[in-house]
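Heads up: the structure comes next, in structure tokens.
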Amino acid sequence: MYGDTSIQKPIKIAEPTSEEQARLEEIFQQKIDDNIKIEPQEWMPAAYRKTLVRQMSQHAHSEVIGMQPEGNWITRAPSLRRKVILLAKIQDEGGHGLYIYSAAETLGTSRAEMINQLQTGKAKYSSIFNYPALSWADMGTIGWLVDGAAITNQVALSKGSYGPYCRAMIKICKEESFHQRQGYELLLTLSRGTDAQKEMLQESVNRFWWPSLMMFGPNDADSPHSAQSMKWKIKKKSNDQLRQEFIDATVPQAEFLGITLPDPDLKWNEERGHYDYGQIDWEEFGHVINGNGPCNKQRVATHLKAHEDGAWVREAAAAYAEKQQNKNVA
Amino acid sequence: MTELSKKDALVQYAAQIGDNGLIIGHRMSEWCFRAPALEMEIALMNCALDLIGQARELYTYAAVTQDEGKSEDDFAYLRDEQDFRNLLLTEVPNGDWGDTIVRLFLMSAYNKLFYTALANSKDAQLAAIGAKSIKEVIYHQRFSSEWLIRLGDGTPESHDRVQKSLDTLWAYTGELFTMTDAETLLLADGIAVDVTALKADWDQVVSDVLTQATLTVPADLWPQLGSKAEGRHTEHFGFIITDMQFMQRRYPGCEW
């Protein structure tokens, strides 16, 4: 549960001397360079730990907040088959959140603390979930574009340096790629349907295309944490590299759906062997990241309300567990 | 009144059991991103998946039996309010976590007995659906019992809240043990379950868990009936199907 305090912070030991410190850092970097995974009990630089906690908690929060736009359509899913698919998908996302919170706890930060940072705005989640899910087609578009972008990122992350996170990513990527395929299949059904369904599909993709590209983060030149993260293999590919991979894979899929992508500059560049694309609206990205997107306040308020409404339940569970423990001791 | 044919009775029966699954499943699914903790949310969505899954099998069987070219979705999306014959207990709003747990517990305890009996139906398809569903509803019963005990024997606040939930929802339990004409007709052939015969066992299971939860079994109130027999619902039901059927009504005849 969110209130779990059973995870203890690592035992503090005497600070190493600067000479020892340098040696520890050297051994650490050597392991990274040799592609040996770092495990929770091993020494690691404080900044490595901090960066990972930030990244993993942000990832877990994204999974959990991402349940909101999709959850918005469960009761309105247009067929029972689609309803159970959507339910199962969202359930997976919740499971991913749980899994990554647990992986992050191995670094000594409790889930309660991470949740608190989310609710007080200190921790971020993927900017994409600050956009609303307005039509049924969005359930397909989120699977196709949003999960597609996430997989592009996560496949790279699964080859990173921190053991628990990499292992989580391997499991999660399998489910995400299933989610992406179901999203695409949903859209394919719309693309073969009535004019109204085709319009619904195009309108949804128009709204989600640019925010999906923003999911990869700022251009490399403007990405402050990237260099150190690459050295530590927390990050394996740059934002722009991943974005390009995603675009190259996605454009032919859009063509197959018979839709257009809302970028007049999008065209194949024979010389580069990649698609060229237009300028991303970084001003919009900045507003959304800084809490002023269409749904930022709603997403956090909804999370907070569920948390507060459930306080009496968590208290009851804790009180009951304590009574049981006392009985066992007696 | 025209006499009910056995075929129509079987269609009604399968659809009515399916309605219970769909409607309570719908309510469970409304907990998405609203539960007190992530684990609880995942568990409730799992229950929703099981229950809606049961509805799908039952609707499909009803459609096949009816033989009018319909599908599970015709039953869920294109019937009107009065055609749904779910138990009132399945449709009342979720309320707080305590209300939801009490409802799930009362229904799961019933479902376990019901599906166990249905597994012995002379109708092979219903028996198979019953046998498959038992495993699922046993889990629902275990999950909801454990939570009921935690809340009942947790803090004074949780105890009072959940006792109140129980007192409120109790009025809907009478309907669980009523028989429709279709059920009576099919019972004679060993197809339908005699739900009146489940009451004693249900009382025992409920009383055992409530004792563990330090809760009091409410006095029997004038039972709220009407949905199962006549499709007369609570005021809340219209909103369920307004939400659920919106896409199918707005865009008729589409493939999704």
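Quick note on naming: the chains in the structure tokens go A, B, ... in the order shown, residues restart at 1 in each chain, and ligands are numbered from 1 in order of appearance.
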
Would you tabulate, counting only C-alpha atoms, all residues of chain A that have an atom at most 9 Å from an atom of chain B, showing the closest pair of atoms and their distance in Å to one decimal, sorted by chain then ascending number, as a tab-separated table?
```
residue	atom	partner	partner_atom	distance
A:Met1	CA	B:Ala37	CA	5.5
A:Tyr2	CA	B:Ala37	CA	6.0
A:Gly3	CA	B:Ala37	CA	8.7
A:Val64	CA	B:Phe33	CA	7.9
A:Ile65	CA	B:Phe33	CA	8.1
A:Met67	CA	B:Phe33	CA	6.4
A:Gln68	CA	B:Phe33	CA	6.2
A:Gly71	CA	B:Cys32	CA	5.9
A:Asn72	CA	B:Cys32	CA	8.6
A:Ile74	CA	B:Ser29	CA	7.1
A:Thr75	CA	B:Met244	CA	5.4
A:Arg76	CA	B:Met244	CA	4.7
A:Ala77	CA	B:Met244	CA	6.9
A:Pro78	CA	B:Met247	CA	5.3
A:Ser79	CA	B:Asp73	CA	6.1
A:Leu80	CA	B:Asp73	CA	6.4
A:Arg81	CA	B:Arg56	CA	8.5
A:Arg82	CA	B:Trp256	CA	7.7
A:Lys83	CA	B:Ile52	CA	8.8
A:Val84	CA	B:Leu49	CA	6.1
A:Leu87	CA	B:Met45	CA	6.8
A:Ala88	CA	B:Leu49	CA	7.3
A:Ile90	CA	B:Cys32	CA	8.3
A:Gln91	CA	B:Ile42	CA	5.7
A:Asp92	CA	B:Ile42	CA	8.4
A:Gly94	CA	B:Ile42	CA	6.5
A:Gly95	CA	B:Ile42	CA	7.3
A:Gly97	CA	B:Leu38	CA	8.4
A:Leu98	CA	B:Leu38	CA	7.1
A:Trp136	CA	B:Met247	CA	8.4
A:Leu186	CA	B:Trp256	CA	7.3
A:Thr189	CA	B:Trp256	CA	6.2
A:Leu190	CA	B:Trp256	CA	6.8
A:Arg192	CA	B:Glu255	CA	8.9
A:Gly193	CA	B:Glu255	CA	6.7
A:Thr194	CA	B:Cys254	CA	7.2
A:Ala196	CA	B:Tyr251	CA	8.1
A:Gln197	CA	B:Cys254	CA	8.4
A:Thr302	CA	B:Arg34	CA	7.7
A:His303	CA	B:Phe33	CA	7.2
A:Lys305	CA	B:Arg34	CA	7.9
A:Ala306	CA	B:Arg34	CA	4.8
A:His307	CA	B:Pro36	CA	5.5
A:Glu308	CA	B:Pro36	CA	7.8
A:Asp309	CA	B:Pro36	CA	6.9
A:Gly310	CA	B:Pro36	CA	4.0
A:Ala311	CA	B:Pro36	CA	6.9
A:Trp312	CA	B:Ser158	CA	6.7
A:Val313	CA	B:Pro36	CA	6.9
A:Arg314	CA	B:Pro36	CA	7.1
A:Glu315	CA	B:Thr155	CA	7.3
A:Ala316	CA	B:Gly154	CA	4.3
A:Ala317	CA	B:Arg150	CA	5.6
A:Ala318	CA	B:Gly154	CA	7.6
A:Ala319	CA	B:Gly154	CA	5.2
A:Tyr320	CA	B:Gly154	CA	4.5
A:Ala321	CA	B:Arg150	CA	8.0
A:Lys323	CA	B:Gly154	CA	8.3
```

Spatial neighbours of A:Leu188, 9 Å, only C-alpha atoms, chain gap at least 5 places, as a VMD selection string
chain A and resid 140 183 193 256 to 257

Name the residues in contact with B:Ala229 at a cut-off of 8 Å, using only C-alpha atoms, excluding same-chain residues fewer than 6 positions from it; report them as a PyMOL selection string.
chain B and resi 85+179-180

Hey, can you spit out that residue selection with C-alpha atoms as a PDB file, in the first residue's frame?
```
ATOM      1  CA  ARG B  85     -32.986  -8.154 -15.042  1.00  0.00           C
ATOM      2  CA  MET B 179     -37.522 -16.990  -8.443  1.00  0.00           C
ATOM      3  CA  THR B 180     -38.785 -15.732 -11.802  1.00  0.00           C
TER       4      THR B 180
END
```

So which residues touch A:Lys89 within 8 Å, counting only C-alpha atoms, skipping near sequence neighbours fewer than 4 positions away, as a list in words?
Ile85, Glu93 and His179 of chain A

All heavy atoms of the current selection, written as a PDB file, in the first residue's frame:
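Result file result.pdb:
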```pdb
ATOM      1  N   ILE A  85     -10.685  -5.617 -23.097  1.00  0.00           N
ATOM      2  CA  ILE A  85      -9.299  -5.341 -23.531  1.00  0.00           C
ATOM      3  C   ILE A  85      -8.784  -4.088 -22.819  1.00  0.00           C
ATOM      4  O   ILE A  85      -7.672  -4.064 -22.288  1.00  0.00           O
ATOM      5  CB  ILE A  85      -9.223  -5.152 -25.063  1.00  0.00           C
ATOM      6  CG1 ILE A  85      -9.484  -6.475 -25.794  1.00  0.00           C
ATOM      7  CG2 ILE A  85      -7.853  -4.600 -25.463  1.00  0.00           C
ATOM      8  CD1 ILE A  85      -9.599  -6.336 -27.311  1.00  0.00           C
ATOM      9  N   GLU A  93      -1.108  -1.434 -16.729  1.00  0.00           N
ATOM     10  CA  GLU A  93      -0.404  -0.178 -16.413  1.00  0.00           C
ATOM     11  C   GLU A  93      -0.254  -0.037 -14.897  1.00  0.00           C
ATOM     12  O   GLU A  93       0.806   0.353 -14.408  1.00  0.00           O
ATOM     13  CB  GLU A  93      -1.168   1.057 -16.952  1.00  0.00           C
ATOM     14  CG  GLU A  93      -1.691   0.975 -18.369  1.00  0.00           C
ATOM     15  CD  GLU A  93      -0.636   1.106 -19.462  1.00  0.00           C
ATOM     16  OE1 GLU A  93       0.554   1.123 -19.114  1.00  0.00           O
ATOM     17  OE2 GLU A  93      -1.006   1.164 -20.647  1.00  0.00           O
ATOM     18  N   HIS A 179       0.146  -3.879 -25.962  1.00  0.00           N
ATOM     19  CA  HIS A 179      -0.761  -2.717 -25.908  1.00  0.00           C
ATOM     20  C   HIS A 179      -0.713  -1.927 -27.208  1.00  0.00           C
ATOM     21  O   HIS A 179      -1.717  -1.445 -27.701  1.00  0.00           O
ATOM     22  CB  HIS A 179      -0.355  -1.764 -24.773  1.00  0.00           C
ATOM     23  CG  HIS A 179      -0.491  -2.359 -23.423  1.00  0.00           C
ATOM     24  ND1 HIS A 179      -0.035  -1.737 -22.280  1.00  0.00           N
ATOM     25  CD2 HIS A 179      -1.032  -3.524 -23.009  1.00  0.00           C
ATOM     26  CE1 HIS A 179      -0.288  -2.497 -21.235  1.00  0.00           C
ATOM     27  NE2 HIS A 179      -0.889  -3.587 -21.655  1.00  0.00           N
TER      28      HIS A 179
END
```

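Among the candidates A:Gln202, A:Ser177, A:Gln324, A:Gln298, the one nearest to A:Asp138 when counting only C-alpha atoms is A:Gln202.
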
What is the distance, in Å and to one decimal place, between atom CA of A:Glu39 and atom CA of A:Ala156?
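Rounded to one decimal, the two atoms are 18.6 Å apart.
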
Would you mind listing what lies within 9 Å of B:Thr184 as an MDAnalysis selection string, with only C-alpha atoms counted and same-chain residues fewer than 5 positions away left out?
chainID B and resid 179 192:194

Grab the residues selected above and save them as a PDB file, in the first residue's frame with all heavy atoms.
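Dumped to part_1.pdb:
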```pdb
ATOM      1  N   MET B 179     -37.509 -16.230  -7.183  1.00  0.00           N
ATOM      2  CA  MET B 179     -37.522 -16.990  -8.443  1.00  0.00           C
ATOM      3  C   MET B 179     -38.410 -16.286  -9.478  1.00  0.00           C
ATOM      4  O   MET B 179     -39.501 -15.840  -9.162  1.00  0.00           O
ATOM      5  CB  MET B 179     -38.100 -18.395  -8.207  1.00  0.00           C
ATOM      6  CG  MET B 179     -37.289 -19.289  -7.297  1.00  0.00           C
ATOM      7  SD  MET B 179     -35.778 -19.945  -8.063  1.00  0.00           S
ATOM      8  CE  MET B 179     -36.431 -21.253  -9.104  1.00  0.00           C
ATOM      9  N   ALA B 192     -32.324 -24.795 -14.285  1.00  0.00           N
ATOM     10  CA  ALA B 192     -32.093 -23.602 -13.458  1.00  0.00           C
ATOM     11  C   ALA B 192     -31.767 -23.998 -12.018  1.00  0.00           C
ATOM     12  O   ALA B 192     -32.085 -25.096 -11.562  1.00  0.00           O
ATOM     13  CB  ALA B 192     -33.316 -22.697 -13.492  1.00  0.00           C
ATOM     14  N   VAL B 193     -31.158 -23.059 -11.325  1.00  0.00           N
ATOM     15  CA  VAL B 193     -30.825 -23.258  -9.915  1.00  0.00           C
ATOM     16  C   VAL B 193     -32.018 -22.833  -9.062  1.00  0.00           C
ATOM     17  O   VAL B 193     -32.645 -21.803  -9.340  1.00  0.00           O
ATOM     18  CB  VAL B 193     -29.594 -22.389  -9.543  1.00  0.00           C
ATOM     19  CG1 VAL B 193     -29.327 -22.420  -8.049  1.00  0.00           C
ATOM     20  CG2 VAL B 193     -28.371 -22.844 -10.336  1.00  0.00           C
ATOM     21  N   ASP B 194     -32.315 -23.603  -8.044  1.00  0.00           N
ATOM     22  CA  ASP B 194     -33.343 -23.198  -7.080  1.00  0.00           C
ATOM     23  C   ASP B 194     -32.682 -22.248  -6.078  1.00  0.00           C
ATOM     24  O   ASP B 194     -32.076 -22.675  -5.105  1.00  0.00           O
ATOM     25  CB  ASP B 194     -33.894 -24.433  -6.362  1.00  0.00           C
ATOM     26  CG  ASP B 194     -34.961 -24.064  -5.346  1.00  0.00           C
ATOM     27  OD1 ASP B 194     -35.297 -22.859  -5.242  1.00  0.00           O
ATOM     28  OD2 ASP B 194     -35.443 -24.984  -4.643  1.00  0.00           O
TER      29      ASP B 194
END
```

Could you please write out, as an MDAnalysis selection string, every residue of stretch 101-303 of chain A that DSSP assigns to strand (DSSP E or B)?
chainID A and resid 162 267:269 274:276

So which bits of stretch 1-222 of chain B end up helix (DSSP H, G or I) when you DSSP the backbone, as a VMD selection string?
chain B and resid 6 to 29 38 to 66 72 to 77 81 to 83 88 to 91 97 to 118 124 to 152 156 to 172 174 to 177 181 to 187 195 to 212

Once you have the residues from the selection above, write them out as a short mmCIF file (atom, residue, chain, number, x, y, z; two decimals), in the first residue's frame, restricted to C-alpha atoms.
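again.cif was written with the following content:
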```
data_model
loop_
_atom_site.label_atom_id
_atom_site.label_comp_id
_atom_site.auth_asym_id
_atom_site.auth_seq_id
_atom_site.Cartn_x
_atom_site.Cartn_y
_atom_site.Cartn_z
CA LYS B 6 -38.70 -23.27 -22.78
CA LYS B 7 -36.47 -21.66 -25.35
CA ASP B 8 -37.53 -18.14 -24.35
CA ALA B 9 -37.13 -19.08 -20.71
CA LEU B 10 -33.58 -20.25 -21.35
CA VAL B 11 -32.72 -17.03 -23.22
CA GLN B 12 -34.14 -14.96 -20.37
CA TYR B 13 -32.35 -17.03 -17.78
CA ALA B 14 -28.91 -16.86 -19.38
CA ALA B 15 -29.30 -13.12 -20.06
CA GLN B 16 -30.46 -12.42 -16.53
CA ILE B 17 -27.46 -14.14 -14.96
CA GLY B 18 -25.29 -12.29 -17.46
CA ASP B 19 -26.90 -8.99 -16.42
CA ASN B 20 -25.70 -9.54 -12.85
CA GLY B 21 -22.14 -9.97 -14.06
CA LEU B 22 -22.19 -7.03 -16.44
CA ILE B 23 -23.73 -4.56 -14.04
CA ILE B 24 -21.65 -5.35 -10.97
CA GLY B 25 -18.61 -5.57 -13.26
CA HIS B 26 -19.45 -2.09 -14.54
CA ARG B 27 -19.58 -0.81 -10.98
CA MET B 28 -16.24 -2.44 -10.11
CA SER B 29 -14.67 -0.92 -13.22
CA LEU B 38 -2.83 0.62 -6.25
CA GLU B 39 -3.05 -3.02 -5.20
CA MET B 40 -6.74 -2.63 -4.36
CA GLU B 41 -7.41 -0.95 -7.66
CA ILE B 42 -5.78 -3.75 -9.60
CA ALA B 43 -7.74 -6.33 -7.60
CA LEU B 44 -11.08 -4.66 -8.30
CA MET B 45 -10.32 -4.36 -11.98
CA ASN B 46 -9.50 -8.04 -11.96
CA CYS B 47 -12.91 -8.74 -10.44
CA ALA B 48 -14.50 -6.54 -13.10
CA LEU B 49 -12.77 -8.53 -15.82
CA ASP B 50 -14.01 -11.82 -14.37
CA LEU B 51 -17.57 -10.58 -13.96
CA ILE B 52 -17.86 -8.97 -17.38
CA GLY B 53 -16.26 -12.11 -18.81
CA GLN B 54 -19.03 -14.19 -17.23
CA ALA B 55 -21.61 -11.85 -18.75
CA ARG B 56 -20.06 -12.27 -22.20
CA GLU B 57 -20.32 -16.05 -22.05
CA LEU B 58 -23.89 -15.93 -20.82
CA TYR B 59 -25.01 -13.34 -23.38
CA THR B 60 -23.38 -15.29 -26.16
CA TYR B 61 -25.20 -18.40 -25.04
CA ALA B 62 -28.47 -16.46 -24.85
CA ALA B 63 -27.89 -15.15 -28.39
CA VAL B 64 -27.08 -18.59 -29.76
CA THR B 65 -30.15 -20.09 -28.09
CA GLN B 66 -32.34 -17.28 -29.34
CA GLU B 72 -23.36 -10.51 -26.83
CA ASP B 73 -23.26 -6.82 -27.72
CA ASP B 74 -26.94 -6.73 -28.67
CA PHE B 75 -27.70 -7.82 -25.13
CA ALA B 76 -25.40 -5.30 -23.48
CA TYR B 77 -25.85 -2.32 -25.76
CA GLU B 81 -33.68 -0.40 -19.13
CA GLN B 82 -36.65 -2.68 -18.46
CA ASP B 83 -35.03 -5.54 -20.38
CA LEU B 88 -30.77 -4.43 -7.59
CA LEU B 89 -27.79 -5.10 -5.33
CA THR B 90 -25.50 -5.11 -8.37
CA GLU B 91 -26.56 -1.69 -9.62
CA TRP B 97 -14.66 1.52 -0.23
CA GLY B 98 -16.74 -0.01 2.59
CA ASP B 99 -19.97 0.05 0.57
CA THR B 100 -18.16 -1.50 -2.37
CA ILE B 101 -16.63 -4.25 -0.26
CA VAL B 102 -19.94 -5.08 1.42
CA ARG B 103 -21.72 -5.32 -1.92
CA LEU B 104 -18.98 -7.44 -3.44
CA PHE B 105 -18.95 -9.71 -0.42
CA LEU B 106 -22.73 -10.22 -0.34
CA MET B 107 -22.78 -10.91 -4.09
CA SER B 108 -19.70 -13.13 -4.11
CA ALA B 109 -20.99 -15.27 -1.27
CA TYR B 110 -24.16 -15.67 -3.32
CA ASN B 111 -22.33 -16.21 -6.60
CA LYS B 112 -20.21 -18.97 -5.15
CA LEU B 113 -23.27 -20.92 -4.04
CA PHE B 114 -25.10 -20.07 -7.24
CA TYR B 115 -22.37 -21.11 -9.67
CA THR B 116 -21.61 -24.23 -7.67
CA ALA B 117 -25.24 -25.25 -8.15
CA LEU B 118 -25.26 -24.13 -11.78
CA ALA B 124 -24.27 -28.55 -20.56
CA GLN B 125 -23.33 -25.00 -21.53
CA LEU B 126 -24.68 -23.45 -18.34
CA ALA B 127 -22.95 -26.17 -16.34
CA ALA B 128 -19.66 -25.39 -18.06
CA ILE B 129 -20.02 -21.64 -17.46
CA GLY B 130 -20.87 -22.38 -13.83
CA ALA B 131 -17.83 -24.60 -13.37
CA LYS B 132 -15.52 -21.99 -14.86
CA SER B 133 -16.99 -19.14 -12.84
CA ILE B 134 -16.67 -20.87 -9.47
CA LYS B 135 -12.90 -20.34 -9.42
CA GLU B 136 -13.34 -16.65 -10.08
CA VAL B 137 -16.03 -15.95 -7.54
CA ILE B 138 -14.16 -17.86 -4.84
CA TYR B 139 -11.37 -15.33 -5.28
CA HIS B 140 -13.86 -12.44 -5.11
CA GLN B 141 -15.32 -13.85 -1.94
CA ARG B 142 -11.91 -14.26 -0.36
CA PHE B 143 -10.79 -10.76 -1.32
CA SER B 144 -13.99 -9.10 -0.09
CA SER B 145 -14.18 -11.18 3.11
CA GLU B 146 -10.65 -10.24 4.04
CA TRP B 147 -11.38 -6.57 3.51
CA LEU B 148 -14.67 -6.78 5.37
CA ILE B 149 -12.88 -8.26 8.36
CA ARG B 150 -10.14 -5.62 8.19
CA LEU B 151 -12.68 -2.81 8.09
CA GLY B 152 -15.00 -4.31 10.69
CA PRO B 156 -13.78 2.49 15.39
CA GLU B 157 -14.40 4.70 12.34
CA SER B 158 -14.04 1.87 9.84
CA HIS B 159 -16.22 -0.37 11.99
CA ASP B 160 -19.03 2.19 12.12
CA ARG B 161 -18.78 3.03 8.46
CA VAL B 162 -18.90 -0.55 7.26
CA GLN B 163 -21.73 -1.47 9.64
CA LYS B 164 -23.70 1.38 8.12
CA SER B 165 -22.90 0.12 4.60
CA LEU B 166 -24.16 -3.29 5.60
CA ASP B 167 -27.36 -1.92 7.14
CA THR B 168 -28.08 0.07 3.99
CA LEU B 169 -27.37 -2.65 1.46
CA TRP B 170 -29.12 -5.37 3.41
CA ALA B 171 -32.52 -4.38 2.03
CA TYR B 172 -31.38 -5.51 -1.41
CA GLY B 174 -33.99 -10.37 -0.30
CA GLU B 175 -34.13 -10.27 -4.09
CA LEU B 176 -31.23 -12.71 -4.34
CA PHE B 177 -33.50 -15.56 -3.30
CA ASP B 181 -41.29 -17.65 -13.94
CA ALA B 182 -38.49 -18.62 -16.30
CA GLU B 183 -36.46 -20.04 -13.42
CA THR B 184 -39.39 -22.02 -12.09
CA LEU B 185 -40.06 -23.45 -15.52
CA LEU B 186 -36.41 -24.42 -16.08
CA LEU B 187 -36.00 -25.76 -12.57
CA VAL B 195 -32.07 -19.99 -5.50
CA THR B 196 -34.52 -20.23 -2.61
CA ALA B 197 -32.53 -23.27 -1.49
CA LEU B 198 -29.31 -21.24 -1.31
CA LYS B 199 -30.53 -18.94 1.45
CA ALA B 200 -29.64 -21.06 4.47
CA ASP B 201 -26.06 -21.59 3.31
CA TRP B 202 -25.69 -17.94 2.37
CA ASP B 203 -26.96 -16.85 5.80
CA GLN B 204 -24.36 -19.10 7.39
CA VAL B 205 -21.43 -17.85 5.29
CA VAL B 206 -22.41 -14.23 5.81
CA SER B 207 -22.92 -14.66 9.51
CA ASP B 208 -19.53 -16.37 9.93
CA VAL B 209 -17.63 -13.58 8.19
CA LEU B 210 -19.58 -10.84 9.96
CA THR B 211 -18.79 -12.44 13.30
CA GLN B 212 -15.09 -12.42 12.44
#
```

9 Å contact set for A:Thr141, only C-alpha atoms, chain neighbours under 4 positions out, as number ranges by chain
A: 137, 145-147, 180, 183-184, 186-187, 201, 204-205, 208-209

What does the distance between atom CA of A:Gln117 and atom CA of A:Thr51 come to in Å, to one decimal place?
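Pair atom CA of A:Gln117 / atom CA of A:Thr51 returns 14.9 Å.
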
Closest of A:Gly160, A:Gly66, A:Pro132, A:Gly148 to A:Ile38 - atom-to-atom distances counting only C-alpha atoms
A:Gly160
